[in-house]
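Participant: File name data_2.cif; file contents mmCIF, C-alpha atoms; chains and numbers go by the auth columns; full text below.
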```cif
data_model
#
loop_
_atom_site.group_PDB
_atom_site.id
_atom_site.type_symbol
_atom_site.label_atom_id
_atom_site.label_comp_id
_atom_site.label_asym_id
_atom_site.label_seq_id
_atom_site.Cartn_x
_atom_site.Cartn_y
_atom_site.Cartn_z
_atom_site.B_iso_or_equiv
_atom_site.auth_seq_id
_atom_site.auth_asym_id
ATOM 1 C CA MET A 1 6.547 19.348 -60.020 0.00 142 A
ATOM 2 C CA THR A 2 7.394 22.967 -59.344 0.00 143 A
ATOM 3 C CA GLU A 3 4.871 23.099 -56.508 0.00 144 A
ATOM 4 C CA GLN A 4 6.242 19.862 -54.993 0.00 145 A
ATOM 5 C CA ALA A 5 9.789 21.189 -55.192 0.00 146 A
ATOM 6 C CA ALA A 6 8.711 24.369 -53.421 0.00 147 A
ATOM 7 C CA VAL A 7 7.140 22.336 -50.629 0.00 148 A
ATOM 8 C CA LEU A 8 10.291 20.225 -50.254 0.00 149 A
ATOM 9 C CA ASP A 9 12.479 23.345 -50.202 0.00 150 A
ATOM 10 C CA ALA A 10 10.274 24.892 -47.525 0.00 151 A
ATOM 11 C CA LEU A 11 10.374 21.691 -45.454 0.00 152 A
ATOM 12 C CA ARG A 12 14.153 21.459 -45.870 0.00 153 A
ATOM 13 C CA GLN A 13 14.598 25.047 -44.774 0.00 154 A
ATOM 14 C CA LYS A 14 12.312 24.454 -41.746 0.00 155 A
ATOM 15 C CA ILE A 15 14.424 21.485 -40.669 0.00 156 A
ATOM 16 C CA LEU A 16 17.649 23.446 -41.113 0.00 157 A
ATOM 17 C CA ASP A 17 16.250 26.351 -39.109 0.00 158 A
ATOM 18 C CA ASP A 18 14.974 24.150 -36.260 0.00 159 A
ATOM 19 C CA PRO A 19 16.566 20.643 -36.351 0.00 160 A
ATOM 20 C CA GLU A 20 15.416 19.905 -32.777 0.00 161 A
ATOM 21 C CA VAL A 21 11.927 19.346 -34.181 0.00 162 A
ATOM 22 C CA ILE A 22 13.239 16.171 -35.814 0.00 163 A
ATOM 23 C CA LEU A 23 15.657 15.127 -33.090 0.00 164 A
ATOM 24 C CA GLU A 24 13.050 15.323 -30.311 0.00 165 A
ATOM 25 C CA ASP A 25 10.486 13.271 -32.224 0.00 166 A
ATOM 26 C CA GLN A 26 11.301 9.620 -31.375 0.00 167 A
ATOM 27 C CA THR A 27 8.922 8.159 -33.957 0.00 168 A
ATOM 28 C CA LEU A 28 10.244 10.375 -36.749 0.00 169 A
ATOM 29 C CA MET A 29 13.880 9.644 -35.887 0.00 170 A
ATOM 30 C CA LYS A 30 13.193 5.904 -35.914 0.00 171 A
ATOM 31 C CA ALA A 31 11.570 6.201 -39.351 0.00 172 A
ATOM 32 C CA LEU A 32 14.630 8.051 -40.691 0.00 173 A
ATOM 33 C CA ILE A 33 17.006 5.467 -39.245 0.00 174 A
ATOM 34 C CA ASP A 34 14.958 2.611 -40.715 0.00 175 A
ATOM 35 C CA ALA A 35 15.012 4.328 -44.117 0.00 176 A
ATOM 36 C CA ASN A 36 18.766 4.734 -43.859 0.00 177 A
ATOM 37 C CA GLU A 37 19.210 1.043 -43.026 0.00 178 A
ATOM 38 C CA ARG A 38 17.186 0.052 -46.090 0.00 179 A
ATOM 39 C CA THR A 39 19.517 2.064 -48.311 0.00 180 A
ATOM 40 C CA LEU A 40 22.540 0.274 -46.857 0.00 181 A
ATOM 41 C CA GLY A 41 21.354 -3.169 -47.928 0.00 182 A
ATOM 42 C CA GLY A 42 21.212 -6.426 -46.025 0.00 183 A
ATOM 43 C CA ASN A 43 24.925 -7.232 -46.116 0.00 184 A
ATOM 44 C CA ILE A 44 26.088 -4.160 -44.192 0.00 185 A
ATOM 45 C CA VAL A 45 26.022 -4.014 -40.428 0.00 186 A
ATOM 46 C CA ASP A 46 24.982 -0.567 -39.207 0.00 187 A
ATOM 47 C CA LEU A 47 26.656 -0.255 -35.801 0.00 188 A
ATOM 48 C CA ARG A 48 25.091 3.121 -35.249 0.00 189 A
ATOM 49 C CA GLY A 49 21.623 1.656 -35.787 0.00 190 A
ATOM 50 C CA ILE A 50 22.363 -1.141 -33.306 0.00 191 A
ATOM 51 C CA ALA A 51 23.542 1.404 -30.766 0.00 192 A
ATOM 52 C CA MET A 52 20.398 3.449 -31.281 0.00 193 A
ATOM 53 C CA GLU A 53 18.200 0.398 -30.690 0.00 194 A
ATOM 54 C CA ARG A 54 20.027 -0.352 -27.454 0.00 195 A
ATOM 55 C CA LEU A 55 19.669 3.241 -26.333 0.00 196 A
ATOM 56 C CA GLU A 56 15.950 3.157 -27.114 0.00 197 A
ATOM 57 C CA SER A 57 15.570 -0.036 -25.102 0.00 198 A
ATOM 58 C CA ARG A 58 17.431 1.474 -22.147 0.00 199 A
ATOM 59 C CA LEU A 59 15.320 4.627 -22.382 0.00 200 A
ATOM 60 C CA ASP A 60 12.101 2.583 -22.340 0.00 201 A
ATOM 61 C CA ARG A 61 13.270 0.696 -19.246 0.00 202 A
ATOM 62 C CA LEU A 62 14.271 3.951 -17.576 0.00 203 A
ATOM 63 C CA GLU A 63 10.849 5.467 -18.265 0.00 204 A
ATOM 64 C CA ASP A 64 9.134 2.368 -16.843 0.00 205 A
ATOM 65 C CA THR A 65 11.281 2.593 -13.705 0.00 206 A
ATOM 66 C CA HIS A 66 10.554 6.301 -13.417 0.00 207 A
ATOM 67 C CA ARG A 67 6.818 5.687 -13.584 0.00 208 A
ATOM 68 C CA SER A 68 7.070 2.893 -10.999 0.00 209 A
ATOM 69 C CA VAL A 69 9.009 5.121 -8.584 0.00 210 A
ATOM 70 C CA ILE A 70 6.481 7.933 -8.933 0.00 211 A
ATOM 71 C CA ALA A 71 3.567 5.537 -8.416 0.00 212 A
ATOM 72 C CA ALA A 72 5.227 4.099 -5.294 0.00 213 A
ATOM 73 C CA ALA A 73 5.872 7.592 -3.937 0.00 214 A
ATOM 74 C CA TYR A 74 2.221 8.564 -4.385 0.00 215 A
ATOM 75 C CA GLU A 75 1.111 5.303 -2.769 0.00 216 A
ATOM 76 C CA ASN A 76 3.391 5.880 0.235 0.00 217 A
ATOM 77 C CA LEU A 77 2.148 9.441 0.601 0.00 218 A
ATOM 78 C CA ALA A 78 -1.468 8.298 0.472 0.00 219 A
ATOM 79 C CA GLY A 79 -0.756 5.599 3.070 0.00 220 A
ATOM 80 C CA THR A 80 0.983 8.098 5.351 0.00 221 A
ATOM 81 C CA ASN A 81 -1.925 10.529 5.157 0.00 222 A
ATOM 82 C CA LEU A 82 -4.391 7.719 5.888 0.00 223 A
ATOM 83 C CA ILE A 83 -2.501 6.607 9.006 0.00 224 A
ATOM 84 C CA HIS A 84 -2.056 10.178 10.266 0.00 225 A
ATOM 85 C CA ASN A 85 -5.792 10.738 9.925 0.00 226 A
ATOM 86 C CA ALA A 86 -6.508 7.462 11.733 0.00 227 A
ATOM 87 C CA VAL A 87 -4.217 8.474 14.626 0.00 228 A
ATOM 88 C CA LEU A 88 -6.174 11.711 15.038 0.00 229 A
ATOM 89 C CA ARG A 89 -9.431 9.739 15.104 0.00 230 A
ATOM 90 C CA ALA A 90 -8.030 7.438 17.798 0.00 231 A
ATOM 91 C CA LEU A 91 -7.139 10.437 19.988 0.00 232 A
ATOM 92 C CA GLU A 92 -10.500 12.202 19.688 0.00 233 A
ATOM 93 C CA PRO A 93 -12.756 10.162 22.053 0.00 234 A
ATOM 94 C CA ILE A 94 -13.267 11.679 25.502 0.00 235 A
ATOM 95 C CA ASN A 95 -14.170 8.439 27.309 0.00 236 A
ATOM 96 C CA PHE A 96 -13.794 4.690 26.899 0.00 237 A
ATOM 97 C CA PRO A 97 -17.297 3.992 25.513 0.00 238 A
ATOM 98 C CA SER A 98 -16.824 6.603 22.771 0.00 239 A
ATOM 99 C CA PHE A 99 -13.388 5.126 22.113 0.00 240 A
ATOM 100 C CA LEU A 100 -14.982 1.714 21.557 0.00 241 A
ATOM 101 C CA GLN A 101 -17.683 3.254 19.390 0.00 242 A
ATOM 102 C CA SER A 102 -15.005 4.660 17.089 0.00 243 A
ATOM 103 C CA LEU A 103 -13.929 1.089 16.287 0.00 244 A
ATOM 104 C CA SER A 104 -17.135 0.677 14.324 0.00 245 A
ATOM 105 C CA GLY A 105 -17.399 4.317 13.266 0.00 246 A
ATOM 106 C CA ASP A 106 -14.870 7.084 12.621 0.00 247 A
ATOM 107 C CA LEU A 107 -11.738 4.990 13.131 0.00 248 A
ATOM 108 C CA LEU A 108 -13.071 2.173 10.974 0.00 249 A
ATOM 109 C CA GLU A 109 -13.779 4.619 8.152 0.00 250 A
ATOM 110 C CA ALA A 110 -10.422 6.366 8.552 0.00 251 A
ATOM 111 C CA LEU A 111 -8.509 3.099 8.206 0.00 252 A
ATOM 112 C CA ARG A 112 -10.659 1.982 5.245 0.00 253 A
ATOM 113 C CA VAL A 113 -11.048 -1.567 6.459 0.00 254 A
ATOM 114 C CA SER A 114 -14.135 -3.746 6.744 0.00 255 A
ATOM 115 C CA ARG A 115 -13.928 -4.630 10.440 0.00 256 A
ATOM 116 C CA LEU A 116 -12.033 -3.610 13.573 0.00 257 A
ATOM 117 C CA ARG A 117 -11.925 -5.722 16.697 0.00 258 A
ATOM 118 C CA LEU A 118 -10.134 -5.122 19.984 0.00 259 A
ATOM 119 C CA ILE A 119 -9.131 -8.145 22.059 0.00 260 A
ATOM 120 C CA LEU A 120 -7.920 -7.749 25.645 0.00 261 A
ATOM 121 C CA GLU A 121 -6.494 -10.509 27.782 0.00 262 A
ATOM 122 C CA SER A 122 -7.662 -10.750 31.378 0.00 263 A
ATOM 123 C CA LYS A 123 -7.522 -13.274 34.160 0.00 264 A
ATOM 124 C CA GLU A 124 -11.230 -12.606 34.569 0.00 265 A
ATOM 125 C CA HIS A 125 -12.598 -13.191 31.095 0.00 266 A
ATOM 126 C CA ASP A 126 -16.326 -13.324 31.493 0.00 267 A
ATOM 127 C CA GLY A 127 -16.719 -11.036 28.464 0.00 268 A
ATOM 128 C CA PRO A 128 -17.651 -7.379 28.144 0.00 269 A
ATOM 129 C CA SER A 129 -20.776 -6.230 29.906 0.00 270 A
ATOM 130 C CA ILE A 130 -21.068 -2.744 28.453 0.00 271 A
ATOM 131 C CA GLY A 131 -22.730 -3.526 25.134 0.00 272 A
ATOM 132 C CA PHE A 132 -19.708 -3.543 22.812 0.00 273 A
ATOM 133 C CA GLU A 133 -19.500 -7.257 22.033 0.00 274 A
ATOM 134 C CA ASP A 134 -19.250 -6.458 18.302 0.00 275 A
ATOM 135 C CA VAL A 135 -15.894 -4.699 18.721 0.00 276 A
ATOM 136 C CA LEU A 136 -14.492 -5.876 22.064 0.00 277 A
ATOM 137 C CA SER A 137 -13.592 -9.328 23.372 0.00 278 A
ATOM 138 C CA ILE A 138 -12.128 -10.232 26.757 0.00 279 A
ATOM 139 C CA VAL A 139 -10.138 -13.481 26.604 0.00 280 A
ATOM 140 C CA GLU A 140 -7.944 -15.551 28.864 0.00 281 A
ATOM 141 C CA PRO A 141 -4.138 -15.102 28.909 0.00 282 A
ATOM 142 C CA GLY A 142 -2.312 -16.658 25.957 0.00 283 A
ATOM 143 C CA VAL A 143 -5.167 -16.480 23.473 0.00 284 A
ATOM 144 C CA ILE A 144 -3.680 -13.514 21.582 0.00 285 A
ATOM 145 C CA ASP A 145 -0.329 -15.148 20.844 0.00 286 A
ATOM 146 C CA HIS A 146 -2.097 -18.368 19.879 0.00 287 A
ATOM 147 C CA TYR A 147 -4.289 -16.503 17.401 0.00 288 A
ATOM 148 C CA ILE A 148 -1.350 -14.599 15.882 0.00 289 A
ATOM 149 C CA THR A 149 0.775 -17.714 15.418 0.00 290 A
ATOM 150 C CA ALA A 150 -2.152 -20.031 14.606 0.00 291 A
ATOM 151 C CA GLY A 151 -0.762 -22.359 17.263 0.00 292 A
ATOM 152 C CA ARG A 152 2.645 -22.680 15.591 0.00 293 A
ATOM 153 C CA ASN A 153 5.990 -22.330 17.352 0.00 294 A
ATOM 154 C CA MET A 154 7.134 -18.999 15.928 0.00 295 A
ATOM 155 C CA THR A 155 8.110 -15.490 16.975 0.00 296 A
ATOM 156 C CA VAL A 156 5.231 -13.120 17.609 0.00 297 A
ATOM 157 C CA ARG A 157 5.821 -9.845 15.763 0.00 298 A
ATOM 158 C CA PRO A 158 4.277 -6.469 16.629 0.00 299 A
ATOM 159 C CA VAL A 159 2.434 -6.445 13.289 0.00 300 A
ATOM 160 C CA THR A 160 1.358 -9.502 11.322 0.00 301 A
ATOM 161 C CA LEU A 161 -0.217 -9.270 7.863 0.00 302 A
ATOM 162 C CA ARG A 162 -1.857 -12.255 6.260 0.00 303 A
ATOM 163 C CA GLN A 163 -4.559 -13.507 3.955 0.00 304 A
ATOM 164 C CA VAL A 164 -7.229 -15.640 5.604 0.00 305 A
ATOM 165 C CA SER A 165 -9.527 -18.257 4.183 0.00 306 A
ATOM 166 C CA PRO A 166 -11.661 -18.860 6.039 0.00 307 A
ATOM 167 C CA ALA A 167 -11.595 -16.091 8.624 0.00 308 A
ATOM 168 C CA SER A 168 -12.293 -16.902 12.258 0.00 309 A
ATOM 169 C CA PRO A 169 -15.994 -16.730 13.247 0.00 310 A
ATOM 170 C CA ASP A 170 -14.885 -16.148 16.863 0.00 311 A
ATOM 171 C CA VAL A 171 -13.326 -12.855 15.737 0.00 312 A
ATOM 172 C CA TYR A 172 -15.598 -11.689 12.932 0.00 313 A
ATOM 173 C CA GLY A 173 -18.882 -13.376 13.811 0.00 314 A
ATOM 174 C CA ASP A 174 -21.365 -13.450 10.942 0.00 315 A
ATOM 175 C CA ASN A 175 -18.976 -11.381 8.785 0.00 316 A
ATOM 176 C CA ALA A 176 -16.282 -14.078 8.783 0.00 317 A
ATOM 177 C CA ALA A 177 -17.240 -15.337 5.317 0.00 318 A
ATOM 178 C CA TYR A 178 -16.490 -11.914 3.811 0.00 319 A
ATOM 179 C CA ILE A 179 -13.073 -11.301 5.415 0.00 320 A
ATOM 180 C CA LYS A 180 -10.173 -12.272 3.135 0.00 321 A
ATOM 181 C CA SER A 181 -7.151 -10.596 4.741 0.00 322 A
ATOM 182 C CA GLU A 182 -6.237 -9.146 8.120 0.00 323 A
ATOM 183 C CA ALA A 183 -3.664 -7.087 9.994 0.00 324 A
ATOM 184 C CA LEU A 184 -2.891 -8.070 13.585 0.00 325 A
ATOM 185 C CA LEU A 185 -1.440 -5.329 15.808 0.00 326 A
ATOM 186 C CA LYS A 186 -0.244 -6.659 19.163 0.00 327 A
ATOM 187 C CA LEU A 187 -0.660 -4.004 21.848 0.00 328 A
ATOM 188 C CA ASP A 188 1.715 -3.385 24.729 0.00 329 A
ATOM 189 C CA LEU A 189 -0.558 -1.915 27.386 0.00 330 A
ATOM 190 C CA GLY A 190 2.150 -1.150 29.914 0.00 331 A
ATOM 191 C CA ASP A 191 4.009 -2.769 32.776 0.00 332 A
ATOM 192 C CA GLY A 192 1.968 -5.228 34.791 0.00 333 A
ATOM 193 C CA ARG A 193 -0.780 -5.481 32.178 0.00 334 A
ATOM 194 C CA LEU A 194 -1.594 -8.347 29.864 0.00 335 A
ATOM 195 C CA PRO A 195 -1.343 -7.597 26.120 0.00 336 A
ATOM 196 C CA GLY A 196 -4.084 -6.583 23.746 0.00 337 A
ATOM 197 C CA LEU A 197 -4.677 -7.100 20.055 0.00 338 A
ATOM 198 C CA LEU A 198 -6.224 -4.824 17.447 0.00 339 A
ATOM 199 C CA ILE A 199 -7.451 -6.749 14.423 0.00 340 A
ATOM 200 C CA MET A 200 -8.158 -5.094 11.083 0.00 341 A
ATOM 201 C CA GLY A 201 -10.172 -7.257 8.737 0.00 342 A
ATOM 202 C CA SER A 202 -10.656 -6.549 5.044 0.00 343 A
ATOM 203 C CA GLU A 203 -12.857 -7.991 2.330 0.00 344 A
ATOM 204 C CA ASP A 204 -10.013 -7.322 -0.117 0.00 345 A
ATOM 205 C CA PRO A 205 -7.625 -10.319 -0.162 0.00 346 A
ATOM 206 C CA HIS A 206 -4.800 -8.054 -1.327 0.00 347 A
ATOM 207 C CA GLN A 207 -5.121 -5.272 1.268 0.00 348 A
ATOM 208 C CA PHE A 208 -2.950 -7.131 3.797 0.00 349 A
ATOM 209 C CA ARG A 209 -0.219 -9.455 2.525 0.00 350 A
ATOM 210 C CA PRO A 210 2.866 -10.856 4.285 0.00 351 A
ATOM 211 C CA ASN A 211 5.275 -9.185 1.821 0.00 352 A
ATOM 212 C CA GLN A 212 4.000 -5.663 2.527 0.00 353 A
ATOM 213 C CA GLY A 213 5.869 -3.106 4.609 0.00 354 A
ATOM 214 C CA THR A 214 4.637 -2.562 8.160 0.00 355 A
ATOM 215 C CA ASP A 215 6.313 0.731 9.166 0.00 356 A
ATOM 216 C CA LEU A 216 3.112 2.786 9.024 0.00 357 A
ATOM 217 C CA LEU A 217 1.098 0.171 10.907 0.00 358 A
ATOM 218 C CA ILE A 218 3.804 -0.055 13.584 0.00 359 A
ATOM 219 C CA PHE A 219 3.518 3.715 14.018 0.00 360 A
ATOM 220 C CA PHE A 220 -0.270 3.491 14.255 0.00 361 A
ATOM 221 C CA CYS A 221 0.043 0.621 16.735 0.00 362 A
ATOM 222 C CA SER A 222 2.242 2.774 18.999 0.00 363 A
ATOM 223 C CA ALA A 223 -0.255 5.656 18.864 0.00 364 A
ATOM 224 C CA PHE A 224 -3.204 3.322 19.502 0.00 365 A
ATOM 225 C CA GLU A 225 -1.419 1.825 22.524 0.00 366 A
ATOM 226 C CA ARG A 226 -0.994 5.268 24.061 0.00 367 A
ATOM 227 C CA ALA A 227 -4.611 6.126 23.381 0.00 368 A
ATOM 228 C CA ILE A 228 -6.017 3.006 25.053 0.00 369 A
ATOM 229 C CA ARG A 229 -3.685 3.225 28.047 0.00 370 A
ATOM 230 C CA ARG A 230 -5.483 6.408 29.108 0.00 371 A
ATOM 231 C CA TRP A 231 -8.701 4.495 29.646 0.00 372 A
ATOM 232 C CA LEU A 232 -7.151 1.401 31.187 0.00 373 A
ATOM 233 C CA ALA A 233 -5.384 3.570 33.768 0.00 374 A
#
```
Is it possible to express this structure as structure tokens?

Facilitator:
Amino acid sequence: MTEQAAVLDALRQKILDDPEVILEDQTLMKALIDANERTLGGNIVDLRGIAMERLESRLDRLEDTHRSVIAAAYENLAGTNLIHNAVLRALEPINFPSFLQSLSGDLLEALRVSRLRLILESKEHDGPSIGFEDVLSIVEPGVIDHYITAGRNMTVRPVTLRQVSPASPDVYGDNAAYIKSEALLKLDLGDGRLPGLLIMGSEDPHQFRPNQGTDLLIFFCSAFERAIRRWLA
């Protein structure tokens, strides 16, 4: 008994010397409050205990929100870095063939998508004759808007994100069965020129969804337009 009393006295003195040890321990404080409520009995309403429970609930929600904000910030930073790197890759080629090669090489890897395809409208649409049929298609005027809208009467936006099932074989060829979502970037190639379209296809059905933000892709679209105009000039 004497030894137990000595331990209790030492613990008591420790708490008195440094009470923050107890106050900062959420689990320990809850145990003390629960013990206090049991001593009060079932017929007494402990308003302080109710207030503490509400504060704990608000604190838990605040921590969840804090974690969500931090996660979103990291995700936005990662997305920004990815797009900046992709812009640099789009500006590196020194001629049009190497530019087209990047659509299945460096630029494809930088954007972390499964497939890139460039579609250009032309009044003479016999198809490319330079060996890049896997990344480049020449089509007649109006095809791009029809593909973006799927033939519906709707406004054509600069960037369209959507899930696809099935994907178009005309765009993705033999890989169509694997593509589950896509980003469509309509390209303004300058005055007097017909539009173009850069298509990003992904095997991940959640990579491109209609409810996602498009600011970074709009920025990339603007940079890509400027890059391709050099070769079309």

Participant: Need the shell around region 319-323 of chain A: protein/DNA/RNA residues with any atom at most 6 Å away, counting all atoms listed in the file. Skip same-chain ones fewer than 3 positions apart. Format as number ranges by chain?

Facilitator: A: 303-305, 308, 316, 341-346, 349

Participant: Under the rule that only C-alpha atoms are counted, which of A:Asn294, A:Ser209, A:Thr221, A:Ser243 is the nearest residue to Arg258 (chain A)?

Facilitator: A:Ser243

Participant: Contacts of Glu366 (chain A) at 8 Å or less, counting all atoms listed in the file, minus same-chain residues fewer than 4 places along, as an NGL selection string?

Facilitator: :A and (328-330 or 362 or 370)

Participant: Might you spell out which residues the PyMOL selection byres ((chain A and resi 301) around 8) would select in the displayed file, as a compact mmCIF listing (two decimals) with C-alpha atoms, in the frame of the given file?

Facilitator:
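And here's selection19.txt as it stands now:
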```
# COMPACT_ATOMS: atom_id res chain seq x y z
CA ILE A 289 -1.35 -14.60 15.88
CA ARG A 298 5.82 -9.85 15.76
CA PRO A 299 4.28 -6.47 16.63
CA VAL A 300 2.43 -6.44 13.29
CA LEU A 302 -0.22 -9.27 7.86
CA ARG A 303 -1.86 -12.26 6.26
CA ALA A 324 -3.66 -7.09 9.99
CA LEU A 325 -2.89 -8.07 13.58
CA LEU A 326 -1.44 -5.33 15.81
CA PRO A 351 2.87 -10.86 4.28
```

Participant: To test the calculation: enclose all listed atoms of region 151-170 of chain A in a box whose edges run along x, y and z, add 4 Å on each side, then state centre and edge lengths in Å to one decimal, as AutoDock Vina command-line options.

Facilitator:
```
--center_x 13.3 --center_y 17.3 --center_z -38.9 --size_x 16.7 --size_y 26.2 --size_z 25.2
```

Participant: Name all residues at most 12 Å from region 144-153 of chain A (count only C-alpha atoms; drop same-chain ones fewer than 6 positions away) and give them as a list in words.

Facilitator: Asp159, Pro160, Val162 and Ile163 of chain A

Participant: Applying the PyMOL selection byres ((chain A and resi 244) around 12) to the file I just gave you, which residues come out? Please list them as number ranges by chain.

Facilitator: A: 227, 230-231, 234, 237-243, 245-260, 273-277, 339-342, 365, 369

Participant: Provide the CA of Thr296 (chain A) to CA of Gly283 (chain A) distance in Å, to one decimal place.

Facilitator: 13.8 Å

Participant: What separation in Å, quoted to one decimal, exists between CA of Pro310 (chain A) and CA of Leu232 (chain A)?

Facilitator: 29.4 Å

Participant: Do you have the CA of Glu262 (chain A)-CA of Ile279 (chain A) distance handy?

Facilitator: 5.7 Å

Participant: Rank A:Leu335, A:Met170, A:Ile156, A:Ile224 by their smallest atom-to-atom distance to Thr355 (chain A), using only C-alpha atoms, and report the top residue only.

Facilitator: A:Ile224

Participant: Which of these, A:Thr206, A:Lys327, A:Met295, A:Lys171, has the shortest distance to Ser363 (chain A) once you count only C-alpha atoms?

Facilitator: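 The shortest atom-to-atom distance to Ser363 (chain A) comes from A:Lys327.
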
Participant: Please identify all polymer residues within 7 Å of Leu261 (chain A), counting only C-alpha atoms, omitting same-chain residues fewer than 5 positions from it, and present them as a list of chain:residue names.

Facilitator: A:Ser278, A:Ile279, A:Val280, A:Pro336, A:Gly337, A:Leu338

Participant: Take the residues that were just selected and, keeping C-alpha atoms, output them as a PDB file, in the frame of the given file.

Facilitator:
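Result file selection.pdb:
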```pdb
ATOM      1  CA  SER A 278     -13.592  -9.328  23.372  1.00  0.00           C
ATOM      2  CA  ILE A 279     -12.128 -10.232  26.757  1.00  0.00           C
ATOM      3  CA  VAL A 280     -10.138 -13.481  26.604  1.00  0.00           C
ATOM      4  CA  PRO A 336      -1.343  -7.597  26.120  1.00  0.00           C
ATOM      5  CA  GLY A 337      -4.084  -6.583  23.746  1.00  0.00           C
ATOM      6  CA  LEU A 338      -4.677  -7.100  20.055  1.00  0.00           C
TER       7      LEU A 338
END
```

Participant: With distances taken over only C-alpha atoms, which residue among A:Asn217, A:Ser263, A:Ser309, A:Asn226 lies nearest Ala291 (chain A)?

Facilitator: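 Using only C-alpha atoms, Ala291 (chain A) sits closest to A:Ser309.
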
Participant: Limit the output to N, CA, C and O atoms and give region 215-226 of chain A as a short mmCIF file (atom, residue, chain, number, x, y, z; two decimals), in the first residue's frame.

Facilitator:
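Printed below is part08.cif as written:
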```cif
data_model
loop_
_atom_site.label_atom_id
_atom_site.label_comp_id
_atom_site.auth_asym_id
_atom_site.auth_seq_id
_atom_site.Cartn_x
_atom_site.Cartn_y
_atom_site.Cartn_z
N TYR A 215 -1.46 19.33 -53.18
CA TYR A 215 -0.41 18.50 -53.74
C TYR A 215 -0.79 18.00 -55.13
O TYR A 215 0.05 17.93 -56.04
N GLU A 216 -2.07 17.65 -55.30
CA GLU A 216 -2.53 17.16 -56.60
C GLU A 216 -2.43 18.26 -57.65
O GLU A 216 -2.01 18.01 -58.79
N ASN A 217 -2.82 19.49 -57.28
CA ASN A 217 -2.72 20.61 -58.22
C ASN A 217 -1.28 20.91 -58.58
O ASN A 217 -0.96 21.21 -59.74
N LEU A 218 -0.40 20.83 -57.59
CA LEU A 218 1.02 21.08 -57.85
C LEU A 218 1.59 20.02 -58.79
O LEU A 218 2.34 20.34 -59.72
N ALA A 219 1.23 18.77 -58.55
CA ALA A 219 1.70 17.69 -59.41
C ALA A 219 1.19 17.87 -60.84
O ALA A 219 1.92 17.66 -61.81
N GLY A 220 -0.09 18.26 -60.97
CA GLY A 220 -0.67 18.49 -62.29
C GLY A 220 0.00 19.65 -63.01
O GLY A 220 0.26 19.58 -64.22
N THR A 221 0.31 20.71 -62.27
CA THR A 221 0.99 21.87 -62.86
C THR A 221 2.37 21.48 -63.36
O THR A 221 2.78 21.85 -64.48
N ASN A 222 3.11 20.75 -62.56
CA ASN A 222 4.45 20.32 -62.97
C ASN A 222 4.40 19.43 -64.20
O ASN A 222 5.25 19.52 -65.09
N LEU A 223 3.40 18.54 -64.25
CA LEU A 223 3.25 17.65 -65.40
C LEU A 223 3.01 18.44 -66.68
O LEU A 223 3.64 18.19 -67.71
N ILE A 224 2.10 19.43 -66.61
CA ILE A 224 1.78 20.22 -67.80
C ILE A 224 2.96 21.08 -68.22
O ILE A 224 3.27 21.21 -69.42
N HIS A 225 3.67 21.67 -67.27
CA HIS A 225 4.85 22.47 -67.60
C HIS A 225 5.89 21.61 -68.31
O HIS A 225 6.51 22.06 -69.29
N ASN A 226 6.10 20.41 -67.83
CA ASN A 226 7.05 19.51 -68.47
C ASN A 226 6.60 19.13 -69.88
O ASN A 226 7.40 19.06 -70.81
#
```
